[in-house]
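J.: Dropping in entry_24.cif, with mmCIF, C-alpha atoms.
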data_structure
loop_
_atom_site.label_atom_id
_atom_site.label_comp_id
_atom_site.auth_asym_id
_atom_site.auth_seq_id
_atom_site.Cartn_x
_atom_site.Cartn_y
_atom_site.Cartn_z
CA MET O 1 88.39 -2.09 -55.54
CA SER O 2 88.18 -5.25 -57.58
CA THR O 3 86.39 -8.18 -55.99
CA THR O 4 87.65 -10.76 -58.46
CA SER O 5 89.55 -13.85 -57.47
CA GLN O 6 93.09 -14.76 -58.31
CA LYS O 7 91.84 -17.33 -60.80
CA HIS O 8 89.77 -14.68 -62.51
CA ARG O 9 92.72 -12.34 -62.78
CA ASN O 10 94.95 -15.08 -64.11
CA PHE O 11 92.45 -16.05 -66.76
CA VAL O 12 91.70 -12.56 -67.94
CA SER O 13 95.31 -11.46 -68.09
CA GLU O 14 96.14 -13.38 -71.25
CA PRO O 15 94.52 -15.09 -74.25
CA MET O 16 93.04 -18.36 -73.12
CA ALA O 17 94.78 -20.46 -75.81
CA ASP O 18 94.27 -24.12 -74.91
CA LYS O 19 93.57 -23.73 -71.23
CA PRO O 20 91.39 -26.44 -69.74
CA VAL O 21 87.93 -25.62 -68.57
CA THR O 22 89.06 -25.73 -64.94
CA ALA O 23 91.09 -22.59 -65.59
CA LEU O 24 87.86 -20.61 -65.63
CA ALA O 25 86.94 -18.77 -62.47
CA GLY O 26 84.20 -20.59 -60.57
CA ILE O 27 84.93 -23.91 -62.26
CA GLY O 28 86.66 -26.33 -59.95
CA ASP O 29 87.43 -30.00 -60.29
CA ARG O 30 83.89 -31.21 -59.85
CA LEU O 31 82.33 -28.80 -62.30
CA GLY O 32 85.24 -29.17 -64.66
CA HIS O 33 84.73 -32.90 -64.72
CA SER O 34 81.03 -32.45 -65.31
CA LEU O 35 81.64 -30.08 -68.21
CA THR O 36 84.31 -32.29 -69.75
CA GLU O 37 81.91 -35.19 -69.77
CA GLN O 38 79.48 -33.12 -71.79
CA GLY O 39 82.13 -32.25 -74.31
CA TYR O 40 83.18 -28.88 -72.95
CA ASP O 41 86.73 -29.89 -72.24
CA LYS O 42 88.49 -26.65 -73.08
CA ALA O 43 87.81 -23.12 -71.96
CA TYR O 44 87.28 -21.98 -75.52
CA VAL O 45 84.37 -24.37 -75.95
CA VAL O 46 82.63 -22.79 -72.97
CA LEU O 47 83.51 -19.44 -74.49
CA GLY O 48 81.74 -20.57 -77.62
CA GLN O 49 78.61 -21.27 -75.63
CA PHE O 50 78.87 -17.89 -73.98
CA LEU O 51 79.15 -16.20 -77.34
CA LEU O 52 76.19 -18.13 -78.70
CA LEU O 53 74.14 -16.65 -75.90
CA ARG O 54 75.26 -13.25 -77.14
CA LYS O 55 77.52 -12.69 -74.17
CA ASP O 56 74.56 -12.42 -71.85
CA THR O 57 75.76 -13.32 -68.37
CA GLU O 58 72.29 -14.06 -67.08
CA LEU O 59 71.51 -16.52 -69.85
CA PHE O 60 74.93 -18.07 -69.48
CA CYS O 61 74.26 -18.60 -65.79
CA TYR O 62 70.99 -20.33 -66.61
CA TRP O 63 72.81 -22.56 -69.03
CA LEU O 64 75.64 -23.43 -66.70
CA LYS O 65 73.30 -24.24 -63.83
CA ASP O 66 71.25 -26.33 -66.20
CA VAL O 67 74.14 -28.29 -67.63
CA THR O 68 76.14 -28.77 -64.45
CA ALA O 69 75.37 -28.68 -60.77
CA ALA O 70 76.78 -25.21 -60.45
CA ASN O 71 75.43 -22.88 -57.82
CA SER O 72 74.69 -19.22 -58.34
CA LYS O 73 78.04 -17.97 -57.19
CA GLN O 74 80.02 -20.34 -59.35
CA ALA O 75 77.95 -19.57 -62.42
CA ASP O 76 78.20 -15.89 -61.70
CA ASP O 77 81.97 -16.02 -61.35
CA CYS O 78 82.36 -17.98 -64.54
CA ALA O 79 80.09 -15.67 -66.50
CA GLN O 80 81.86 -12.60 -65.22
CA CYS O 81 85.23 -14.14 -66.01
CA LEU O 82 84.22 -14.85 -69.59
CA LYS O 83 82.66 -11.46 -69.98
CA ASP O 84 85.80 -9.72 -68.81
CA TRP O 85 87.93 -11.87 -71.08
CA CYS O 86 85.75 -10.89 -74.01
CA ASP O 87 85.95 -7.25 -73.09
CA ALA O 88 89.71 -7.48 -73.07
CA PHE O 89 90.44 -9.69 -76.04
CA LEU O 90 87.45 -10.03 -78.29
CA MET E 1 45.18 5.80 -71.58
CA SER E 2 48.18 5.83 -73.86
CA PHE E 3 49.95 3.22 -71.81
CA VAL E 4 47.66 0.55 -73.09
CA GLN E 5 49.05 -0.28 -76.49
CA TYR E 6 48.66 -3.99 -76.67
CA PRO E 7 45.45 -5.07 -74.99
CA ALA E 8 46.16 -8.64 -75.95
CA HIS E 9 49.10 -8.48 -73.56
CA LEU E 10 46.80 -7.90 -70.64
CA SER E 11 45.07 -10.60 -68.74
CA LYS E 12 41.39 -11.31 -68.97
CA SER E 13 40.63 -9.87 -65.56
CA ARG E 14 42.50 -6.71 -66.44
CA LEU E 15 40.55 -6.28 -69.64
CA LYS E 16 37.32 -6.89 -67.74
CA SER E 17 38.07 -4.23 -65.18
CA ASP E 18 39.10 -1.80 -67.90
CA LEU E 19 35.85 -2.31 -69.72
CA VAL E 20 33.89 -1.85 -66.52
CA ALA E 21 35.79 1.35 -65.81
CA HIS E 22 34.80 2.68 -69.21
CA ASN E 23 31.18 1.65 -68.75
CA VAL E 24 31.34 -0.78 -71.61
CA GLU E 25 28.96 -3.67 -71.58
CA LEU E 26 30.81 -6.86 -70.83
CA PRO E 27 30.43 -9.77 -73.21
CA PRO E 28 28.78 -12.93 -71.92
CA ALA E 29 30.64 -14.58 -69.08
CA GLY E 30 31.90 -17.51 -71.08
CA SER E 31 33.47 -15.39 -73.83
CA LYS E 32 37.02 -15.89 -74.87
CA LYS E 33 39.67 -13.33 -74.29
CA GLU E 34 39.47 -12.23 -77.92
CA ALA E 35 36.03 -10.79 -77.29
CA TYR E 36 37.32 -8.73 -74.43
CA VAL E 37 40.28 -7.64 -76.48
CA ALA E 38 38.07 -6.54 -79.34
CA LEU E 39 35.77 -4.59 -77.05
CA HIS E 40 38.73 -3.08 -75.31
CA LEU E 41 40.19 -1.97 -78.58
CA ARG E 42 36.95 -0.50 -79.74
CA HIS E 43 35.98 1.44 -76.66
CA VAL E 44 39.06 2.06 -74.64
CA ASP E 45 41.83 2.56 -77.11
CA GLN E 46 40.27 5.58 -78.73
CA THR E 47 43.42 7.65 -78.61
CA ASN E 48 45.29 5.09 -80.63
CA ALA E 49 42.88 5.23 -83.53
CA ALA E 50 45.74 5.80 -85.94
CA ASN E 51 47.43 2.65 -84.84
CA PHE E 52 44.30 0.62 -84.93
CA SER E 53 44.84 -0.86 -88.33
CA SER E 54 48.27 -2.16 -87.53
CA ASP E 55 47.16 -3.14 -84.07
CA ASP E 56 44.17 -4.98 -85.41
CA ASP E 57 46.31 -6.86 -87.87
CA ASP E 58 48.69 -7.79 -85.12
CA GLN E 59 45.85 -8.64 -82.82
CA GLU E 60 44.21 -10.81 -85.42
CA ASP E 61 47.42 -12.63 -86.17
CA VAL E 62 48.03 -13.11 -82.51
CA VAL E 63 44.47 -14.13 -81.83
CA ALA E 64 44.41 -16.46 -84.79
CA GLY E 65 47.54 -18.09 -83.48
CA GLY E 66 45.61 -19.45 -80.56
CA ASP E 67 46.05 -16.47 -78.30
CA PRO E 68 49.65 -17.08 -77.35
CA GLU E 69 49.76 -13.95 -75.23
CA SER E 70 47.79 -15.38 -72.37
CA ALA E 71 50.37 -16.87 -70.12
CA GLU E 72 48.25 -19.65 -68.75
CA GLU E 73 47.98 -21.41 -72.10
CA LEU E 74 51.53 -20.72 -73.29
CA ASP E 75 54.05 -23.49 -73.24
CA PRO E 76 57.52 -22.36 -74.30
CA SER E 77 58.64 -25.88 -75.01
CA ALA E 78 55.86 -26.33 -77.55
CA LEU E 79 56.88 -23.33 -79.60
CA THR E 80 58.94 -23.48 -82.72
CA ASP E 81 62.36 -21.87 -82.70
CA ASN E 82 61.17 -18.87 -84.64
CA ASP E 83 58.12 -18.37 -82.45
CA LEU E 84 60.25 -18.57 -79.35
CA LYS E 85 62.62 -16.03 -80.78
CA ALA E 86 59.76 -13.71 -81.74
CA LEU E 87 58.17 -13.93 -78.32
CA LEU E 88 61.44 -13.20 -76.60
CA PHE E 89 61.89 -10.21 -78.87
CA LYS E 90 58.49 -8.91 -77.82
CA TYR E 91 59.72 -8.94 -74.25
CA GLY E 92 62.78 -7.05 -75.33
CA VAL E 93 65.21 -9.95 -75.25
CA LYS E 94 67.30 -10.23 -78.36
CA ALA E 95 67.94 -13.93 -78.60
CA GLY E 96 70.89 -15.50 -80.32
CA PRO E 97 70.67 -18.65 -82.41
CA ILE E 98 68.29 -21.16 -80.90
CA LEU E 99 70.14 -24.41 -81.04
CA ALA E 100 69.99 -27.57 -79.06
CA SER E 101 72.25 -26.16 -76.39
CA THR E 102 70.61 -22.75 -76.17
CA ARG E 103 66.98 -23.75 -76.49
CA ALA E 104 66.55 -24.78 -72.88
CA VAL E 105 68.01 -21.51 -71.74
CA TYR E 106 65.67 -19.42 -73.84
CA GLU E 107 62.64 -21.44 -72.78
CA ASN E 108 63.61 -20.85 -69.19
CA LYS E 109 63.99 -17.18 -69.82
CA LEU E 110 60.63 -16.95 -71.50
CA ARG E 111 58.95 -18.73 -68.62
CA LYS E 112 60.45 -16.30 -66.16
CA LEU E 113 59.36 -13.36 -68.26
CA LEU E 114 55.85 -14.71 -68.51
CA GLN E 115 55.67 -15.28 -64.79
CA SER E 116 56.87 -11.81 -64.00
CA ALA E 117 54.45 -10.37 -66.52
CA GLU E 118 51.64 -12.31 -64.91
CA GLU E 119 52.59 -11.14 -61.47
CA GLY E 120 52.72 -7.58 -62.68
CA GLU E 121 49.33 -7.89 -64.32
CA SER E 122 47.67 -9.50 -61.34
CA ASN E 123 48.98 -6.70 -59.15
CA GLU E 124 47.53 -4.19 -61.56
CA ALA E 125 44.18 -5.95 -61.65
CA GLU E 126 43.97 -6.00 -57.86
CA ASN E 127 44.88 -2.35 -57.69
CA ALA E 128 42.36 -1.52 -60.38
CA VAL E 129 39.61 -3.21 -58.42
CA LEU E 130 40.57 -1.64 -55.14
CA TYR E 131 41.14 1.92 -56.21
CA SER E 132 38.92 4.50 -57.84
CA ASP E 133 39.21 5.61 -61.43
CA SER E 134 41.67 8.41 -60.91
CA ASP E 135 43.79 6.39 -58.57
CA GLU E 136 43.54 3.40 -60.81
CA GLU E 137 45.18 5.25 -63.63
CA ASP E 138 48.05 6.38 -61.48
CA VAL E 139 48.61 3.03 -59.86
CA SER E 140 48.20 1.02 -63.00
CA GLU E 141 50.35 3.51 -64.83
CA GLU E 142 53.08 3.01 -62.30
CA ASN E 143 52.86 -0.73 -62.65
CA GLU E 144 52.58 -0.51 -66.39
CA ASP E 145 55.58 1.77 -66.50
CA GLU E 146 57.75 -1.06 -65.29
CA GLU E 147 56.78 -3.23 -68.21
CA LYS E 148 56.31 -0.57 -70.83
CA GLU E 149 59.52 1.11 -69.95
CA LEU E 150 61.21 -2.14 -70.67
CA VAL E 151 59.82 -2.24 -74.16
CA GLY E 152 60.03 1.48 -74.77
CA ALA E 153 63.25 2.06 -72.95
CA GLN E 154 65.02 -0.59 -74.94
CA GLU E 155 64.86 1.57 -78.03
CA LYS E 156 65.65 4.74 -76.13
CA LYS E 157 68.68 3.21 -74.58
CA ALA E 158 69.75 1.65 -77.82
CA GLU E 159 70.04 5.11 -79.26
CA ALA E 160 71.45 6.81 -76.24
CA LEU E 161 74.03 4.29 -75.15
CA GLU E 162 75.43 2.49 -78.14
CA PRO E 163 78.48 0.92 -76.55
CA ASN E 164 76.50 -0.34 -73.60
CA GLN E 165 73.60 -1.59 -75.66
CA GLN E 166 73.89 -5.24 -74.77
CA GLN E 167 74.61 -4.52 -71.17
CA SER E 168 71.73 -2.08 -70.81
CA ASN E 169 69.33 -4.65 -72.22
CA GLU E 170 70.58 -7.09 -69.68
CA MET E 171 70.16 -4.48 -67.01
CA GLU E 172 66.54 -3.82 -67.82
CA THR E 173 65.58 -7.44 -68.10
CA TRP E 174 67.17 -7.96 -64.74
CA SER E 175 65.49 -5.01 -63.13
CA ALA E 176 62.04 -6.15 -64.22
CA PRO E 177 62.19 -9.43 -62.35
CA SER E 178 63.68 -7.74 -59.34
CA ALA E 179 61.04 -5.05 -59.39
CA CYS E 180 58.36 -7.69 -59.53
CA SER E 181 59.52 -9.18 -56.25
CA TYR E 182 61.82 -11.66 -57.85
CA SER E 183 64.50 -11.78 -55.23
CA LYS E 184 67.67 -12.59 -57.04
CA PRO E 185 70.62 -11.20 -55.17
CA GLU E 186 72.92 -12.26 -57.95
CA HIS E 187 71.40 -9.57 -60.16
CA TRP E 188 72.18 -6.92 -57.62
CA SER E 189 75.65 -8.17 -57.00
CA ARG E 190 76.30 -8.41 -60.69
CA SER E 191 75.00 -4.95 -61.32
CA SER E 192 76.92 -3.60 -58.42
CA ARG E 193 80.01 -4.94 -60.07
CA ASP E 194 79.36 -3.43 -63.46
CA PRO E 195 80.31 0.18 -64.03
CA GLY E 196 78.38 2.76 -65.90
CA ARG E 197 75.07 1.50 -64.58
CA ASP E 198 74.80 4.68 -62.61
CA ILE E 199 74.63 6.49 -65.90
CA LEU E 200 71.54 4.52 -66.82
CA LYS E 201 69.88 5.39 -63.57
CA ASP E 202 70.68 9.02 -64.03
CA LEU E 203 69.23 8.97 -67.49
CA LEU E 204 66.14 7.06 -66.53
CA PRO E 205 65.32 7.94 -62.94
CA ASP E 206 61.89 6.35 -63.24
CA THR E 207 63.40 2.94 -63.59
CA LYS E 208 62.47 0.81 -60.67
CA THR E 209 65.36 -1.28 -59.58
CA SER E 210 65.95 -2.86 -56.21
CA PRO E 211 63.15 -2.72 -53.70
CA THR E 212 65.39 -1.06 -51.16
CA GLY E 213 66.36 1.54 -53.69
CA ILE E 214 69.96 1.16 -52.74
CA TYR E 215 72.41 0.64 -55.50
CA ALA E 216 76.08 0.65 -54.79
CA SER E 217 78.18 0.40 -57.90
CA PRO E 218 81.87 0.83 -57.53
CA ARG E 219 83.55 2.45 -60.46
CA ARG E 220 85.16 0.07 -62.85
CA PRO E 221 86.33 0.66 -66.40
CA ILE E 222 84.61 -1.21 -69.21
CA LYS E 223 87.13 -0.81 -71.98
CA GLY E 224 89.61 -3.27 -73.33
CA ALA E 225 92.86 -4.30 -71.79
CA ALA E 226 94.83 -1.68 -73.64
CA GLN E 227 92.82 1.13 -72.14
CA ARG E 228 92.15 -0.47 -68.87
CA PRO E 229 94.01 1.20 -66.11
CA ILE E 230 95.85 -0.70 -63.45
CA GLN E 231 93.13 -3.22 -62.79
CA TYR E 232 94.96 -6.46 -63.35
CA ALA E 233 98.36 -5.18 -62.39
CA TYR E 234 98.94 -5.42 -58.75
CA PRO E 235 99.82 -2.26 -56.90
CA ASP E 236 103.53 -1.78 -56.60
CA THR E 237 105.06 -2.65 -53.29
CA PRO E 238 104.88 0.33 -51.03
CA VAL E 239 107.82 2.63 -50.87
CA SER E 240 108.73 1.89 -47.30
CA PRO E 241 110.01 -1.64 -47.93
CA THR E 242 112.32 -0.36 -50.61
CA THR E 243 113.62 2.30 -48.32
CA LEU E 244 114.05 -0.38 -45.69
CA GLU E 245 116.01 -2.45 -48.17
CA ARG E 246 118.15 0.50 -49.02
CA ARG E 247 118.85 1.01 -45.39
CA GLU E 248 119.84 -2.62 -45.03
CA VAL E 249 122.18 -2.33 -47.97
CA GLN E 250 123.61 0.80 -46.49
CA ARG E 251 124.18 -1.08 -43.30
CA ARG E 252 126.11 -3.66 -45.27
CA LEU E 253 128.02 -0.86 -46.99
CA VAL E 254 129.23 0.44 -43.67
CA PRO E 255 132.20 -1.87 -43.77
CA VAL E 256 133.32 -0.10 -46.94
CA TYR E 257 136.65 0.45 -45.35
CA ILE E 258 137.20 -3.28 -45.12
CA GLN E 259 136.41 -3.57 -48.79
CA VAL E 260 138.92 -0.81 -49.58
CA LEU E 261 141.65 -2.48 -47.54
CA VAL E 262 141.00 -5.75 -49.29
CA PHE E 263 141.18 -3.94 -52.58
CA PHE E 264 144.55 -2.48 -51.83
CA ALA E 265 145.87 -5.80 -50.59
CA VAL E 266 144.79 -7.40 -53.83
CA VAL E 267 146.50 -4.59 -55.75
CA CYS E 268 149.75 -5.22 -53.91
CA ILE E 269 149.58 -8.93 -54.58
CA LEU E 270 148.92 -8.31 -58.22
CA PHE E 271 151.81 -5.85 -58.38
CA LEU E 272 154.13 -8.40 -56.95
CA ILE E 273 152.93 -11.04 -59.37
CA PHE E 274 153.34 -8.57 -62.22
CA VAL E 275 156.84 -7.83 -61.07
CA ASN E 276 157.70 -11.51 -60.80
CA VAL E 277 156.35 -12.30 -64.23
CA GLU E 278 158.34 -9.53 -65.81
CA ASP E 279 162.01 -9.82 -66.86
CA THR E 280 164.24 -11.12 -64.20
CA ASN E 281 166.19 -7.88 -64.55
CA GLY E 282 163.32 -6.09 -62.96
CA VAL E 283 163.34 -8.62 -60.18
CA VAL E 284 167.07 -8.23 -59.77
CA ASP E 285 166.70 -4.46 -59.65
CA LEU E 286 164.06 -4.81 -57.03
CA LEU E 287 166.22 -7.15 -55.02
CA GLU E 288 169.18 -4.83 -55.40
CA SER E 289 167.08 -1.91 -54.29
CA LEU E 290 166.01 -3.93 -51.34
CA ASN E 291 169.59 -5.03 -50.66
CA GLN E 292 170.79 -1.46 -50.99
CA CYS E 293 168.84 -0.68 -47.92
CA PRO E 294 171.37 -0.67 -45.09
CA ASP E 295 171.14 -3.21 -42.35
CA GLY E 296 169.81 -0.51 -40.20
CA GLU E 297 166.65 -0.84 -42.01
CA ASP E 298 166.32 -4.53 -41.47
CA GLU E 299 163.57 -3.96 -39.07
CA THR E 300 161.53 -2.03 -41.60
CA ARG E 301 162.24 -4.68 -44.19
CA ASP E 302 161.09 -7.37 -41.84
CA ALA E 303 158.03 -5.39 -41.03
CA ALA E 304 157.36 -4.97 -44.75
CA CYS E 305 157.89 -8.68 -45.34
CA GLY E 306 155.70 -9.50 -42.36
CA GLU E 307 152.98 -7.34 -43.71
CA LEU E 308 152.99 -9.27 -46.93
#
How does the structure come out when it is put into structure tokens?
T.:
Amino acid sequence: MSTTSQKHRNFVSEPMADKPVTALAGIGDRLGHSLTEQGYDKAYVVLGQFLLLRKDTELFCYWLKDVTAANSKQADDCAQCLKDWCDAFL
Amino acid sequence: MSFVQYPAHLSKSRLKSDLVAHNVELPPAGSKKEAYVALHLRHVDQTNAANFSSDDDDQEDVVAGGDPESAEELDPSALTDNDLKALLFKYGVKAGPILASTRAVYENKLRKLLQSAEEGESNEAENAVLYSDSDEEDVSEENEDEEKELVGAQEKKAEALEPNQQQSNEMETWSAPSACSYSKPEHWSRSSRDPGRDILKDLLPDTKTSPTGIYASPRRPIKGAAQRPIQYAYPDTPVSPTTLERREVQRRLVPVYIQVLVFFAVVCILFLIFVNVEDTNGVVDLLESLNQCPDGEDETRDAACGEL
């Protein structure tokens, strides 16, 4: 049984196109704002960072926690969301 | 003693205890680690004589580089990008491009790896001191296996599990910290989410994972969307609601008779309209036919008119 959230399922079900960064699972308004300030305004930019880290969810979690005030669960959800998207579309 | 391949990786105390165990005279107390390493190589690593030349070269390069292997002196933030990448590779982490955004992450990772390596080594050193020779080998071997399996197992797994290569590397780097009492529940939860990890455990039963030894991984396909079974499609509504709906519709269909009566009434109306629209002769004929009915049938005519 899948333990993913609705947001996760929505994101992974289709190509991300120009979705904002808040469309990512685990990224709410606060984190989204924080990321946008740093220049990561679209989901594909965060995807770029994820790919730079060779799609390693652990490293991506480090990065996200470093760059924003994300907690472990949020970073985990986001990393898993991106990983699943990559598995499906990349 | 084949598990000891890179003496420079070991801590000073570990090298000391190893030398003592092999009855080798220790260098003077204030010697640098290189002296211990050299002695260790000479006297302990006798089985790896064939590898000595390459080892020595590596050791010399490493030693000449200011002994970067000893964790106490190592500062990841002082390394160049290439050095950082090389060090990470030694720990089995294949690093991507080290850019401004990724550098902090990799430094962090290296620090964690160094800490866990230190913890592992200090445990080994304590065990070596406490236990006798025969026990020492077993205990230190067990502890070494955690680290060495990482390095060795990376290649094994790379050959055995090509599609899961990246994921298996992640798995092993995660399991090392967790094995070395690095409580990170997110690793366990993440691994419990990922499928196919059970395969790794089956292949490498020696791999130490969670301290409790419990690993629950629900099955989950890894492949792309095209091959992925009904994961992101919600289960269809159960059959019973549809049957309930059908029953409701059937209930509505019960007054079919009313619908039929209405139908016939509409047909009659349309027939009359059709007749009226046609030539007046037809109308006249109709009227004549009606008039031909004797007065005795007035009642029926009235009834017929009333019905309309």
J.: Check every residue of chain O for an atom within 9 Å of chain E, counting only C-alpha atoms, and provide those that qualify as a VMD selection string.
T.: chain O and resid 1 to 3 9 to 10 12 to 13 49 51 to 60 62 to 63 66 72 to 73 76 80 84 86 to 90
J.: Could you please determine the separation between atom CA of Leu74 of chain E and atom CA of Ser17 of chain E in Å, to one decimal place?
T.: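 Interatomic distance here is 22.8 Å.
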J.: I would like the residues chosen by the PyMOL selection byres ((chain O and resi 77) around 9) on the shown file; could you give them as a CSV table (one decimal) with C-alpha atoms, keeping the file's coordinate frame?
T.:
chain,number,residue,atom,x,y,z
O,4,THR,CA,87.6,-10.8,-58.5
O,5,SER,CA,89.6,-13.8,-57.5
O,8,HIS,CA,89.8,-14.7,-62.5
O,24,LEU,CA,87.9,-20.6,-65.6
O,25,ALA,CA,86.9,-18.8,-62.5
O,26,GLY,CA,84.2,-20.6,-60.6
O,27,ILE,CA,84.9,-23.9,-62.3
O,72,SER,CA,74.7,-19.2,-58.3
O,73,LYS,CA,78.0,-18.0,-57.2
O,74,GLN,CA,80.0,-20.3,-59.4
O,75,ALA,CA,78.0,-19.6,-62.4
O,76,ASP,CA,78.2,-15.9,-61.7
O,78,CYS,CA,82.4,-18.0,-64.5
O,79,ALA,CA,80.1,-15.7,-66.5
O,80,GLN,CA,81.9,-12.6,-65.2
O,81,CYS,CA,85.2,-14.1,-66.0
O,82,LEU,CA,84.2,-14.8,-69.6
J.: Would you pick out the contacts of Val45 of chain O at 12 Å or less, using all atoms listed in the file, so that residues sharing its chain but fewer than 5 positions from it are not included, and give the list as a VMD selection string?
T.: chain O and resid 16 to 21 24 35 to 36 38 to 40 50 to 52 82
J.: Find the residues around Ser34 of chain O up to 10 Å (all atoms listed in the file counted), leave out those fewer than 5 positions away in its own chain, and share them as a PyMOL selection string.
T.: chain O and resi 27-29+39-41+67-70
J.: Between atom CA of Glu288 of chain E and atom CA of Phe263 of chain E, what distance in Å does the model show, to one decimal?
T.: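 Distance between the two atoms: 28.2 Å.
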